[in-house]
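Q: What follows is a single structure, and I will ask about it in a moment.
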Amino acid sequence: MSEDVLVRVENLEKYYEGSKTLTDRLFRRTSSPVKAVDGIHFQITAGETLGLVGESGCGKSTTGETILALRDPTGGSVTFDGTAITEFSDSEAKTFRQRTGMVFQDPLSSLNPRMTAGRIIREPLIVHNIGTEEERRERVDGLLDRVGLSPDQRDRYPHEFSGGQQQRIAIARALAVEPDFLVLDEPVSALDVSVQAQILNLLADLQADFGLTYLFIAHDLSVVRHVSDRVAVMYLGNIAEIGPVEDIFERPQHPYTEALLESVPRARLSESGRDITPLKDDVPSPRHPPSGCRFRTRCPVVIPPSDIEISQAAYREVMNLRERIEDGRLTAVDIDQTDTASEEAATRSHSGWPTELTRSLHGSNAETLTTARAELRDGNREAAIETLRDRFESVCERRRPARPDDAAHAAACHLRNWAPLWHLMNYIPCSTQTSRRLYWIM
Ligand code: ADP
Ligand code: MG
């Protein structure tokens with residue numbers, strides 16, 4: 001372990017047990033836990049900023065809160081300055097609380113409305129028994145000044161400040177006990193764009209002045225670009241990709257990172273004509289995450305078995321077809337209806353058998369679909385699923401990609417480690433980002 005690693009996260013797991021309904025209790029059913037964080041791994045070097053990005057609900061806040069021991073992990077470990085946080089003695093735990101802090105997204109709700117700004121900033125000094133009354137007052141005035149407020153404002157209440165000023169108070173409170181490490185959980189997401197840059201600049205200045213280490217959480221890649229040294233991209237409780245900020249933006253390795261980058265508005269005119277493929281659909285439930293690669297249900301480049309030549313669009317349809325049979329959205333009854341007059345309407349509404357898809361495939365791919373259709377129509381649902389799985393199942397479905405390791409830049413994607421070269425054929429005609437895809441595979 002390199003000496004200046006301040007925070008080390010290994011296989012960290014945080015599952016939230018679901019609350020049981022009355023019927024669950026009656027039948028003594030156990031409900032599946034929410035796998036908010038599911039085996040993540042990274043380290044943060046002293047003095048650096050690690051950006052943590054991903055869509056809402058993918059486990060970023062849970063990660064930050066678990067690292068700060070505000071939540072107990074259900075697996076794995078967090079080490080702070082060489083000691084596992086679960087093994088701290090009482091005095092070590094107290095020191096840890098003093099050396100760490102958090103800034104939240106919504107400043108107003110994180111500030112006690114019945115306390116003045118001065119009292120809010122003084123509170124941690126009282127809790128940690130730091131300084132005399134006079135020293136505390138001086139420290140509070142110094143902090144107000146340092147975060148860009150005036151000491152005269154110490155007697156005002158949170159609601160008397162603007163959103164940006166409230167966040168400055170929250171930052172001053174976090175700095176009061178002179179911490180080494182802060183988790184900044186979407187600190188500018190609730191602020192006006194014009195104020196965001198001011199707060200980001202303030203955070204950067206404070207980091208330089210006090211030698212702070214940050215875990216900077218955001219759902220928007222464009223925000224982390226300006227503040228991070230390295231970036232970890234999170235998806236459904238996993239780290240999809242981690243690397244130096246320039247590599248993440250210029251040479252992304254994971255299709256999810258690419259998709260996030262695509263959704264960042266570009267200011268430059270030269271880029272305004274690019275081909276935008278925004279992320280479709282919502283993040284699946286972390287209670288029942290997809291098997292294999294968690295991103296596969298939304299991934300634009302799922303890997304077909306090596307002996308199948310099929311366009312990504314048709315392959316996606318085949319996978320959707322099997323999913324519809326598996327979760328009971330497509331049954332023998334739907335096919336009977338498709339047989340009778342309403343075939344076209346059913347195809348259009350995606351409720352029946354995808355006749356167009358069957359027609360568009362050739363050879364054994366088409367035969368497999370015809371066989372599966374006959375099996376389903378005859379009431380043999382399991383056989384239909386098996387037939388489709390046998391022929392079409394993707395490695396992305398079967399196996400979880402290897403977790404990004406400690407390498408400088410790494411992604412958890414089968415395309416990185418697995419795709420045979422001829423698969424390039426699948427990507428070249430359907431994407432404007434050929435060069436990037438070539439890069440992944442080389
Ligand atoms: P993010 O910060 O990336 O938006 P969170 O860490 O807040 O994600 O949440 C991750 C998942 O865990 C979400 O599905 C969320 O609903 C769930 N979750 C968060 N907190 C709790 C909790 N206290 N109990 C149960 N589920 C939770
Ligand atoms: Mg959050």
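Just remember, in the structure tokens the first chain shown is A, the second B, etc., residues are 1-based per chain, and ligands are 1-based in the order shown.
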I'd like the contact shell of Ala402 in chain A - 12 Å cut-off, only C-alpha atoms, skipping same-chain residues fewer than 6 positions apart - returned as a PDB file with N, CA and C atoms, in the first residue's frame.
A:
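Generated output (selection.pdb):
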```
ATOM      1  N   GLY A  39     -19.927  -4.169  -3.500  1.00  0.00           N
ATOM      2  CA  GLY A  39     -18.572  -4.642  -3.789  1.00  0.00           C
ATOM      3  C   GLY A  39     -17.735  -3.628  -4.549  1.00  0.00           C
ATOM      4  N   ILE A  40     -17.527  -2.465  -3.952  1.00  0.00           N
ATOM      5  CA  ILE A  40     -16.726  -1.452  -4.657  1.00  0.00           C
ATOM      6  C   ILE A  40     -15.333  -1.333  -4.048  1.00  0.00           C
ATOM      7  N   HIS A  41     -14.437  -0.798  -4.843  1.00  0.00           N
ATOM      8  CA  HIS A  41     -13.029  -0.839  -4.532  1.00  0.00           C
ATOM      9  C   HIS A  41     -12.376   0.425  -5.078  1.00  0.00           C
ATOM     10  N   ASN A 238     -22.049  -0.520  -8.328  1.00  0.00           N
ATOM     11  CA  ASN A 238     -20.710  -0.963  -8.759  1.00  0.00           C
ATOM     12  C   ASN A 238     -19.912   0.227  -9.293  1.00  0.00           C
ATOM     13  N   ILE A 239     -18.589   0.075  -9.322  1.00  0.00           N
ATOM     14  CA  ILE A 239     -17.760   1.049 -10.038  1.00  0.00           C
ATOM     15  C   ILE A 239     -17.603   0.535 -11.469  1.00  0.00           C
ATOM     16  N   ALA A 240     -18.080   1.314 -12.437  1.00  0.00           N
ATOM     17  CA  ALA A 240     -17.972   0.898 -13.835  1.00  0.00           C
ATOM     18  C   ALA A 240     -16.579   1.227 -14.373  1.00  0.00           C
ATOM     19  N   GLU A 241     -16.061   2.381 -13.978  1.00  0.00           N
ATOM     20  CA  GLU A 241     -14.763   2.807 -14.506  1.00  0.00           C
ATOM     21  C   GLU A 241     -14.112   3.769 -13.535  1.00  0.00           C
ATOM     22  N   GLY A 292     -24.928 -10.580 -14.384  1.00  0.00           N
ATOM     23  CA  GLY A 292     -23.745 -10.233 -15.187  1.00  0.00           C
ATOM     24  C   GLY A 292     -23.387  -8.773 -15.024  1.00  0.00           C
ATOM     25  N   CYS A 293     -23.210  -8.106 -16.157  1.00  0.00           N
ATOM     26  CA  CYS A 293     -22.904  -6.670 -16.117  1.00  0.00           C
ATOM     27  C   CYS A 293     -24.185  -5.900 -15.823  1.00  0.00           C
ATOM     28  N   CYS A 396     -22.222 -10.788 -21.374  1.00  0.00           N
ATOM     29  CA  CYS A 396     -22.553  -9.646 -20.505  1.00  0.00           C
ATOM     30  C   CYS A 396     -23.653 -10.010 -19.501  1.00  0.00           C
ATOM     31  N   ALA A 410      -9.069   1.915 -15.369  1.00  0.00           N
ATOM     32  CA  ALA A 410      -9.622   0.571 -15.571  1.00  0.00           C
ATOM     33  C   ALA A 410     -11.138   0.630 -15.639  1.00  0.00           C
ATOM     34  N   ALA A 411     -11.717  -0.317 -16.376  1.00  0.00           N
ATOM     35  CA  ALA A 411     -13.178  -0.371 -16.499  1.00  0.00           C
ATOM     36  C   ALA A 411     -13.663  -1.799 -16.315  1.00  0.00           C
ATOM     37  N   ALA A 412     -14.858  -1.934 -15.731  1.00  0.00           N
ATOM     38  CA  ALA A 412     -15.467  -3.252 -15.565  1.00  0.00           C
ATOM     39  C   ALA A 412     -16.362  -3.510 -16.767  1.00  0.00           C
ATOM     40  N   CYS A 413     -15.755  -3.931 -17.891  1.00  0.00           N
ATOM     41  CA  CYS A 413     -16.540  -4.163 -19.103  1.00  0.00           C
ATOM     42  C   CYS A 413     -15.921  -5.316 -19.862  1.00  0.00           C
ATOM     43  N   HIS A 414     -16.775  -6.270 -20.295  1.00  0.00           N
ATOM     44  CA  HIS A 414     -16.246  -7.413 -21.041  1.00  0.00           C
ATOM     45  C   HIS A 414     -15.593  -6.985 -22.348  1.00  0.00           C
ATOM     46  N   LEU A 415     -16.017  -5.862 -22.887  1.00  0.00           N
ATOM     47  CA  LEU A 415     -15.410  -5.419 -24.145  1.00  0.00           C
ATOM     48  C   LEU A 415     -13.911  -5.177 -23.974  1.00  0.00           C
ATOM     49  N   ARG A 416     -13.533  -4.784 -22.779  1.00  0.00           N
ATOM     50  CA  ARG A 416     -12.122  -4.497 -22.522  1.00  0.00           C
ATOM     51  C   ARG A 416     -11.276  -5.748 -22.586  1.00  0.00           C
ATOM     52  N   ASN A 417     -11.813  -6.856 -22.049  1.00  0.00           N
ATOM     53  CA  ASN A 417     -10.946  -8.011 -21.843  1.00  0.00           C
ATOM     54  C   ASN A 417     -11.303  -9.183 -22.734  1.00  0.00           C
ATOM     55  N   TRP A 418     -12.387  -9.078 -23.443  1.00  0.00           N
ATOM     56  CA  TRP A 418     -12.905 -10.322 -23.965  1.00  0.00           C
ATOM     57  C   TRP A 418     -13.186 -10.312 -25.448  1.00  0.00           C
TER      58      TRP A 418
END
```
Q: Applying 6 Å and only C-alpha atoms, which residues near Met102 in chain A remain after dropping the ones on its own chain fewer than 4 positions away? List them as a ChimeraX atom specification.
A: /A:182-184
Q: Export, as a short mmCIF file (atom, residue, chain, number, x, y, z; two decimals), in the first residue's frame, the selected residues with N, CA, C and O atoms.
A:
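Result saved to part-v3.cif:
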```cif
data_model
loop_
_atom_site.label_atom_id
_atom_site.label_comp_id
_atom_site.auth_asym_id
_atom_site.auth_seq_id
_atom_site.Cartn_x
_atom_site.Cartn_y
_atom_site.Cartn_z
N LEU A 182 -12.98 15.46 3.45
CA LEU A 182 -14.39 15.83 3.38
C LEU A 182 -15.09 15.03 2.28
O LEU A 182 -14.55 14.88 1.18
N VAL A 183 -16.29 14.56 2.58
CA VAL A 183 -17.17 14.03 1.54
C VAL A 183 -18.10 15.17 1.14
O VAL A 183 -18.83 15.71 1.99
N LEU A 184 -18.02 15.57 -0.12
CA LEU A 184 -18.86 16.66 -0.63
C LEU A 184 -19.95 16.00 -1.46
O LEU A 184 -19.69 15.54 -2.57
#
```
Q: Per residue of chain A within 9 Å of ligand 1, which atom pair is closest and at what distance in Å (one decimal), using only C-alpha atoms and all ligand atoms, listed by chain and increasing number, as JSON lines?
A:
```
{"residue": "A:Lys14", "atom": "CA", "partner": "ligand 1", "partner_atom_place_in_ligand_line": "12 (O)", "distance": 8.7}
{"residue": "A:Tyr15", "atom": "CA", "partner": "ligand 1", "partner_atom_place_in_ligand_line": "12 (O)", "distance": 7.9}
{"residue": "A:Tyr16", "atom": "CA", "partner": "ligand 1", "partner_atom_place_in_ligand_line": "25 (C)", "distance": 4.9}
{"residue": "A:Glu17", "atom": "CA", "partner": "ligand 1", "partner_atom_place_in_ligand_line": "25 (C)", "distance": 6.8}
{"residue": "A:Gly18", "atom": "CA", "partner": "ligand 1", "partner_atom_place_in_ligand_line": "25 (C)", "distance": 6.6}
{"residue": "A:Ser19", "atom": "CA", "partner": "ligand 1", "partner_atom_place_in_ligand_line": "25 (C)", "distance": 8.3}
{"residue": "A:Pro33", "atom": "CA", "partner": "ligand 1", "partner_atom_place_in_ligand_line": "25 (C)", "distance": 8.3}
{"residue": "A:Val34", "atom": "CA", "partner": "ligand 1", "partner_atom_place_in_ligand_line": "26 (N)", "distance": 5.9}
{"residue": "A:Lys35", "atom": "CA", "partner": "ligand 1", "partner_atom_place_in_ligand_line": "12 (O)", "distance": 6.9}
{"residue": "A:Ala36", "atom": "CA", "partner": "ligand 1", "partner_atom_place_in_ligand_line": "12 (O)", "distance": 4.2}
{"residue": "A:Val37", "atom": "CA", "partner": "ligand 1", "partner_atom_place_in_ligand_line": "10 (C)", "distance": 7.2}
{"residue": "A:Val53", "atom": "CA", "partner": "ligand 1", "partner_atom_place_in_ligand_line": "3 (O)", "distance": 7.9}
{"residue": "A:Gly54", "atom": "CA", "partner": "ligand 1", "partner_atom_place_in_ligand_line": "3 (O)", "distance": 6.4}
{"residue": "A:Glu55", "atom": "CA", "partner": "ligand 1", "partner_atom_place_in_ligand_line": "3 (O)", "distance": 6.2}
{"residue": "A:Ser56", "atom": "CA", "partner": "ligand 1", "partner_atom_place_in_ligand_line": "4 (O)", "distance": 3.7}
{"residue": "A:Gly57", "atom": "CA", "partner": "ligand 1", "partner_atom_place_in_ligand_line": "4 (O)", "distance": 3.4}
{"residue": "A:Cys58", "atom": "CA", "partner": "ligand 1", "partner_atom_place_in_ligand_line": "3 (O)", "distance": 4.0}
{"residue": "A:Gly59", "atom": "CA", "partner": "ligand 1", "partner_atom_place_in_ligand_line": "6 (O)", "distance": 3.3}
{"residue": "A:Lys60", "atom": "CA", "partner": "ligand 1", "partner_atom_place_in_ligand_line": "3 (O)", "distance": 3.7}
{"residue": "A:Ser61", "atom": "CA", "partner": "ligand 1", "partner_atom_place_in_ligand_line": "2 (O)", "distance": 3.6}
{"residue": "A:Thr62", "atom": "CA", "partner": "ligand 1", "partner_atom_place_in_ligand_line": "6 (O)", "distance": 3.7}
{"residue": "A:Thr63", "atom": "CA", "partner": "ligand 1", "partner_atom_place_in_ligand_line": "6 (O)", "distance": 6.4}
{"residue": "A:Gly64", "atom": "CA", "partner": "ligand 1", "partner_atom_place_in_ligand_line": "6 (O)", "distance": 8.1}
{"residue": "A:Glu65", "atom": "CA", "partner": "ligand 1", "partner_atom_place_in_ligand_line": "6 (O)", "distance": 8.3}
{"residue": "A:Asp185", "atom": "CA", "partner": "ligand 1", "partner_atom_place_in_ligand_line": "2 (O)", "distance": 7.9}
{"residue": "A:Glu186", "atom": "CA", "partner": "ligand 1", "partner_atom_place_in_ligand_line": "2 (O)", "distance": 8.6}
{"residue": "A:Ile217", "atom": "CA", "partner": "ligand 1", "partner_atom_place_in_ligand_line": "2 (O)", "distance": 8.1}
{"residue": "A:Ala218", "atom": "CA", "partner": "ligand 1", "partner_atom_place_in_ligand_line": "3 (O)", "distance": 8.5}
{"residue": "A:His219", "atom": "CA", "partner": "ligand 1", "partner_atom_place_in_ligand_line": "3 (O)", "distance": 7.5}
{"residue": "A:Met234", "atom": "CA", "partner": "ligand 1", "partner_atom_place_in_ligand_line": "3 (O)", "distance": 8.0}
{"residue": "A:Tyr235", "atom": "CA", "partner": "ligand 1", "partner_atom_place_in_ligand_line": "3 (O)", "distance": 8.4}
{"residue": "A:Leu236", "atom": "CA", "partner": "ligand 1", "partner_atom_place_in_ligand_line": "10 (C)", "distance": 7.8}
{"residue": "A:Gly237", "atom": "CA", "partner": "ligand 1", "partner_atom_place_in_ligand_line": "10 (C)", "distance": 7.4}
{"residue": "A:Ser285", "atom": "CA", "partner": "ligand 1", "partner_atom_place_in_ligand_line": "14 (O)", "distance": 6.7}
{"residue": "A:Pro286", "atom": "CA", "partner": "ligand 1", "partner_atom_place_in_ligand_line": "14 (O)", "distance": 5.6}
{"residue": "A:Arg287", "atom": "CA", "partner": "ligand 1", "partner_atom_place_in_ligand_line": "14 (O)", "distance": 7.6}
```
Q: Based on the selection just made, write N, CA, C and O atoms of those residues as a compact mmCIF listing (two decimals), in the first residue's frame.
A:
```txt
# COMPACT_ATOMS: atom_id res chain seq x y z
N LYS A 14 -23.02 -2.23 0.96
CA LYS A 14 -24.05 -1.76 1.88
C LYS A 14 -25.41 -2.17 1.32
O LYS A 14 -25.84 -1.66 0.28
N TYR A 15 -26.03 -3.11 1.99
CA TYR A 15 -27.37 -3.55 1.60
C TYR A 15 -28.36 -2.97 2.62
O TYR A 15 -28.09 -3.00 3.82
N TYR A 16 -29.48 -2.44 2.12
CA TYR A 16 -30.55 -2.01 3.02
C TYR A 16 -31.60 -3.10 3.04
O TYR A 16 -32.12 -3.46 1.98
N GLU A 17 -31.88 -3.59 4.23
CA GLU A 17 -32.94 -4.60 4.32
C GLU A 17 -34.27 -3.93 4.02
O GLU A 17 -34.55 -2.86 4.51
N GLY A 18 -35.09 -4.58 3.20
CA GLY A 18 -36.39 -4.01 2.86
C GLY A 18 -37.33 -4.08 4.04
O GLY A 18 -37.24 -5.00 4.86
N SER A 19 -38.24 -3.10 4.14
CA SER A 19 -39.25 -3.18 5.21
C SER A 19 -40.29 -4.21 4.78
O SER A 19 -40.70 -4.24 3.62
N PRO A 33 -32.95 -7.45 -0.19
CA PRO A 33 -32.40 -6.16 0.24
C PRO A 33 -32.11 -5.27 -0.96
O PRO A 33 -31.95 -5.75 -2.08
N VAL A 34 -32.05 -3.95 -0.70
CA VAL A 34 -31.61 -3.01 -1.73
C VAL A 34 -30.07 -3.03 -1.73
O VAL A 34 -29.45 -2.70 -0.73
N LYS A 35 -29.50 -3.45 -2.85
CA LYS A 35 -28.04 -3.54 -2.92
C LYS A 35 -27.48 -2.19 -3.37
O LYS A 35 -27.11 -2.01 -4.52
N ALA A 36 -27.49 -1.24 -2.43
CA ALA A 36 -27.13 0.14 -2.78
C ALA A 36 -25.66 0.25 -3.18
O ALA A 36 -25.30 0.95 -4.11
N VAL A 37 -24.80 -0.45 -2.44
CA VAL A 37 -23.37 -0.51 -2.77
C VAL A 37 -23.01 -1.99 -2.74
O VAL A 37 -23.28 -2.68 -1.78
N VAL A 53 -19.21 9.83 -9.73
CA VAL A 53 -20.37 10.23 -10.53
C VAL A 53 -21.23 9.05 -10.92
O VAL A 53 -20.77 7.91 -10.99
N GLY A 54 -22.48 9.35 -11.24
CA GLY A 54 -23.42 8.32 -11.66
C GLY A 54 -24.81 8.89 -11.51
O GLY A 54 -25.01 9.88 -10.79
N GLU A 55 -25.76 8.25 -12.17
CA GLU A 55 -27.14 8.74 -12.09
C GLU A 55 -27.68 8.62 -10.67
O GLU A 55 -27.17 7.84 -9.86
N SER A 56 -28.78 9.31 -10.43
CA SER A 56 -29.42 9.29 -9.13
C SER A 56 -29.79 7.84 -8.76
O SER A 56 -30.25 7.09 -9.60
N GLY A 57 -29.56 7.48 -7.51
CA GLY A 57 -29.96 6.16 -7.02
C GLY A 57 -28.92 5.08 -7.22
O GLY A 57 -29.17 3.92 -6.89
N CYS A 58 -27.73 5.43 -7.72
CA CYS A 58 -26.76 4.36 -8.00
C CYS A 58 -25.84 4.08 -6.81
O CYS A 58 -24.97 3.23 -6.91
N GLY A 59 -26.04 4.78 -5.70
CA GLY A 59 -25.31 4.42 -4.48
C GLY A 59 -24.19 5.37 -4.07
O GLY A 59 -23.39 5.05 -3.19
N LYS A 60 -24.17 6.58 -4.64
CA LYS A 60 -23.08 7.51 -4.35
C LYS A 60 -23.14 8.00 -2.89
O LYS A 60 -22.14 7.96 -2.18
N SER A 61 -24.32 8.46 -2.48
CA SER A 61 -24.43 8.98 -1.10
C SER A 61 -24.18 7.87 -0.09
O SER A 61 -23.50 8.09 0.93
N THR A 62 -24.71 6.68 -0.37
CA THR A 62 -24.49 5.56 0.54
C THR A 62 -23.00 5.29 0.67
O THR A 62 -22.50 5.04 1.78
N THR A 63 -22.27 5.37 -0.45
CA THR A 63 -20.81 5.17 -0.40
C THR A 63 -20.17 6.21 0.52
O THR A 63 -19.41 5.86 1.43
N GLY A 64 -20.51 7.48 0.30
CA GLY A 64 -19.92 8.55 1.11
C GLY A 64 -20.25 8.38 2.58
O GLY A 64 -19.37 8.51 3.45
N GLU A 65 -21.50 8.07 2.87
CA GLU A 65 -21.92 7.96 4.27
C GLU A 65 -21.28 6.74 4.95
O GLU A 65 -20.96 6.78 6.13
N ASP A 185 -21.15 15.89 -0.90
CA ASP A 185 -22.21 15.14 -1.57
C ASP A 185 -23.08 16.08 -2.41
O ASP A 185 -23.99 16.69 -1.90
N GLU A 186 -22.76 16.19 -3.67
CA GLU A 186 -23.46 17.07 -4.61
C GLU A 186 -23.56 18.49 -4.06
O GLU A 186 -24.64 19.08 -4.00
N ILE A 217 -18.91 14.10 -4.81
CA ILE A 217 -19.99 13.35 -5.44
C ILE A 217 -20.82 14.27 -6.34
O ILE A 217 -21.13 15.40 -5.95
N ALA A 218 -21.14 13.79 -7.53
CA ALA A 218 -22.00 14.57 -8.44
C ALA A 218 -22.72 13.62 -9.38
O ALA A 218 -22.26 12.50 -9.62
N HIS A 219 -23.89 14.05 -9.89
CA HIS A 219 -24.54 13.20 -10.89
C HIS A 219 -24.18 13.67 -12.29
O HIS A 219 -24.52 13.03 -13.27
N MET A 234 -19.92 5.40 -11.18
CA MET A 234 -20.67 4.37 -10.45
C MET A 234 -21.97 4.04 -11.16
O MET A 234 -22.64 4.94 -11.67
N TYR A 235 -22.30 2.77 -11.20
CA TYR A 235 -23.59 2.37 -11.79
C TYR A 235 -24.18 1.24 -10.96
O TYR A 235 -23.54 0.21 -10.76
N LEU A 236 -25.37 1.43 -10.47
CA LEU A 236 -26.09 0.41 -9.70
C LEU A 236 -25.22 -0.31 -8.67
O LEU A 236 -25.14 -1.54 -8.69
N GLY A 237 -24.58 0.44 -7.81
CA GLY A 237 -23.83 -0.16 -6.71
C GLY A 237 -22.45 -0.65 -7.07
O GLY A 237 -21.74 -1.18 -6.21
N SER A 285 -33.96 -1.55 -10.74
CA SER A 285 -34.03 -1.54 -9.29
C SER A 285 -32.80 -2.21 -8.67
O SER A 285 -32.42 -3.30 -9.06
N PRO A 286 -32.18 -1.54 -7.67
CA PRO A 286 -31.03 -2.17 -7.01
C PRO A 286 -31.47 -3.35 -6.13
O PRO A 286 -30.63 -4.04 -5.55
N ARG A 287 -32.77 -3.55 -5.99
CA ARG A 287 -33.25 -4.71 -5.25
C ARG A 287 -33.09 -5.98 -6.08
O ARG A 287 -32.83 -7.06 -5.57
```
Q: Give me, as a PyMOL selection string, all polymer residues having an atom no more than 6 Å from Leu52 in chain A, counting only C-alpha atoms and skipping those fewer than 6 positions away in the same chain.
A: chain A and resi 216-217+231-233
Q: Contacts between range 360-370 of chain A and range 236-331 of chain A, please, where a residue of range 236-331 of chain A counts if it comes within 9 Å (with only C-alpha atoms); show its shortest atom pair and distance in Å to one decimal, rows by chain and ascending number, as a tab-separated table.
A:
```
residue	atom	partner	partner_atom	distance
A:Ile308	CA	A:Asn365	CA	8.0
A:Ile310	CA	A:Leu361	CA	8.0
A:Ala314	CA	A:Leu361	CA	8.2
A:Val318	CA	A:Leu369	CA	8.6
```
Q: Grab the CA of Thr213 in chain A to CA of Gly243 in chain A distance for me, in Å with one decimal place.
A: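 Taking CA of Thr213 in chain A and CA of Gly243 in chain A, their separation equals 16.9 Å.
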Q: Give the helix (DSSP H, G or I) residues of range 29-186 of chain A, as assigned by DSSP on the backbone, as an NGL selection string.
A: :A and (60-67 or 85-87 or 90-99 or 107-110 or 117-127 or 133-146 or 151-155 or 158-160 or 163-175)
Q: Hey, can you check how far CA of Ala117 in chain A sits from CA of Ile67 in chain A?
A: 27.4 Å
Q: Give me, as a PyMOL selection string, all polymer residues having an atom no more than 8 Å from Glu48 in chain A, counting only C-alpha atoms and skipping those fewer than 5 positions away in the same chain.
A: chain A and resi 212-214+228-229
Q: Using Å and a single decimal, report how far CA of Leu68 in chain A sits from CA of Val223 in chain A.
A: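 Taking CA of Val223 in chain A and CA of Leu68 in chain A, their separation equals 22.6 Å.
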Q: Pick out the residues sitting within 7 Å of Tyr157 in chain A, and hand them over as a PyMOL selection string; count only C-alpha atoms, and ignore anything fewer than 5 positions along from it in its own chain.
A: chain A and resi 113+115-117
Q: Which is closest to ligand 2 among A:Gly101, A:Pro179, A:Pro289, A:Pro187, if we use only C-alpha atoms and all ligand atoms?
A: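 Nearest to ligand 2: A:Pro187.
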Q: Compare A:Ser91, A:Thr83, A:Thr331, A:Thr355 by their minimum atom-to-atom distance to Asp378 in chain A, counting only C-alpha atoms, and give me the closest one.
A: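 Looking only at the distances to Asp378 in chain A, the closest residue turns out to be A:Thr331.
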Q: If you run DSSP over the backbone, which residues in range 166-246 of chain A end up strand (DSSP E)? Put them as a list of chain:residue names.
A: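 Here is the list: A:Phe181, A:Leu182, A:Val183, A:Leu184, A:Asp185, A:Thr213, A:Tyr214, A:Leu215, A:Phe216, A:Ile217, A:Ala218, A:Arg230, A:Val231, A:Ala232, A:Val233, A:Met234, A:Tyr235, A:Asn238, A:Ile239, A:Ala240, A:Glu241, A:Ile242, A:Gly243, A:Pro244.
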Q: Of the candidates A:Val78, A:Leu221, A:Ala407, A:Ile303, which one gets nearest to Ser263 in chain A if we count only C-alpha atoms?
A: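 Distance minimum relative to Ser263 in chain A lands on A:Leu221.
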Q: For each of A:Ser291, A:Ser194, A:Gln207, A:Thr297, take the minimum atom-to-atom distance to Ile171 in chain A, counting only C-alpha atoms, then give the residue where this is smallest.
A: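 Among A:Ser291, A:Ser194, A:Gln207, A:Thr297, it is A:Gln207 that comes nearest to Ile171 in chain A.
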Q: At a cut-off of 12 Å, using only C-alpha atoms, what residues contact Pro158 in chain A? Leave out same-chain residues fewer than 5 positions from it and give the result as number ranges by chain.
A: A: 107-121, 153, 163-170
Q: Show me, as a PyMOL selection string, the residues that have an atom within 10 Å of Asp281 in chain A when counting only C-alpha atoms, minus same-chain residues fewer than 2 positions from it.
A: chain A and resi 278-279+283-284+297-298
Q: For the selection just defined, write its residues with C-alpha atoms to a file, as a PDB file, in the first residue's frame.
A:
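To be explicit, this is the file written out as again.pdb:
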```pdb
ATOM      1  CA  PRO A 278     -28.746   9.774 -24.551  1.00  0.00           C
ATOM      2  CA  LEU A 279     -29.310   7.132 -21.914  1.00  0.00           C
ATOM      3  CA  VAL A 283     -31.779   2.673 -13.766  1.00  0.00           C
ATOM      4  CA  PRO A 284     -33.088  -0.824 -12.897  1.00  0.00           C
ATOM      5  CA  THR A 297     -29.983  -3.787 -19.996  1.00  0.00           C
ATOM      6  CA  ARG A 298     -29.185  -0.273 -21.281  1.00  0.00           C
TER       7      ARG A 298
END
```
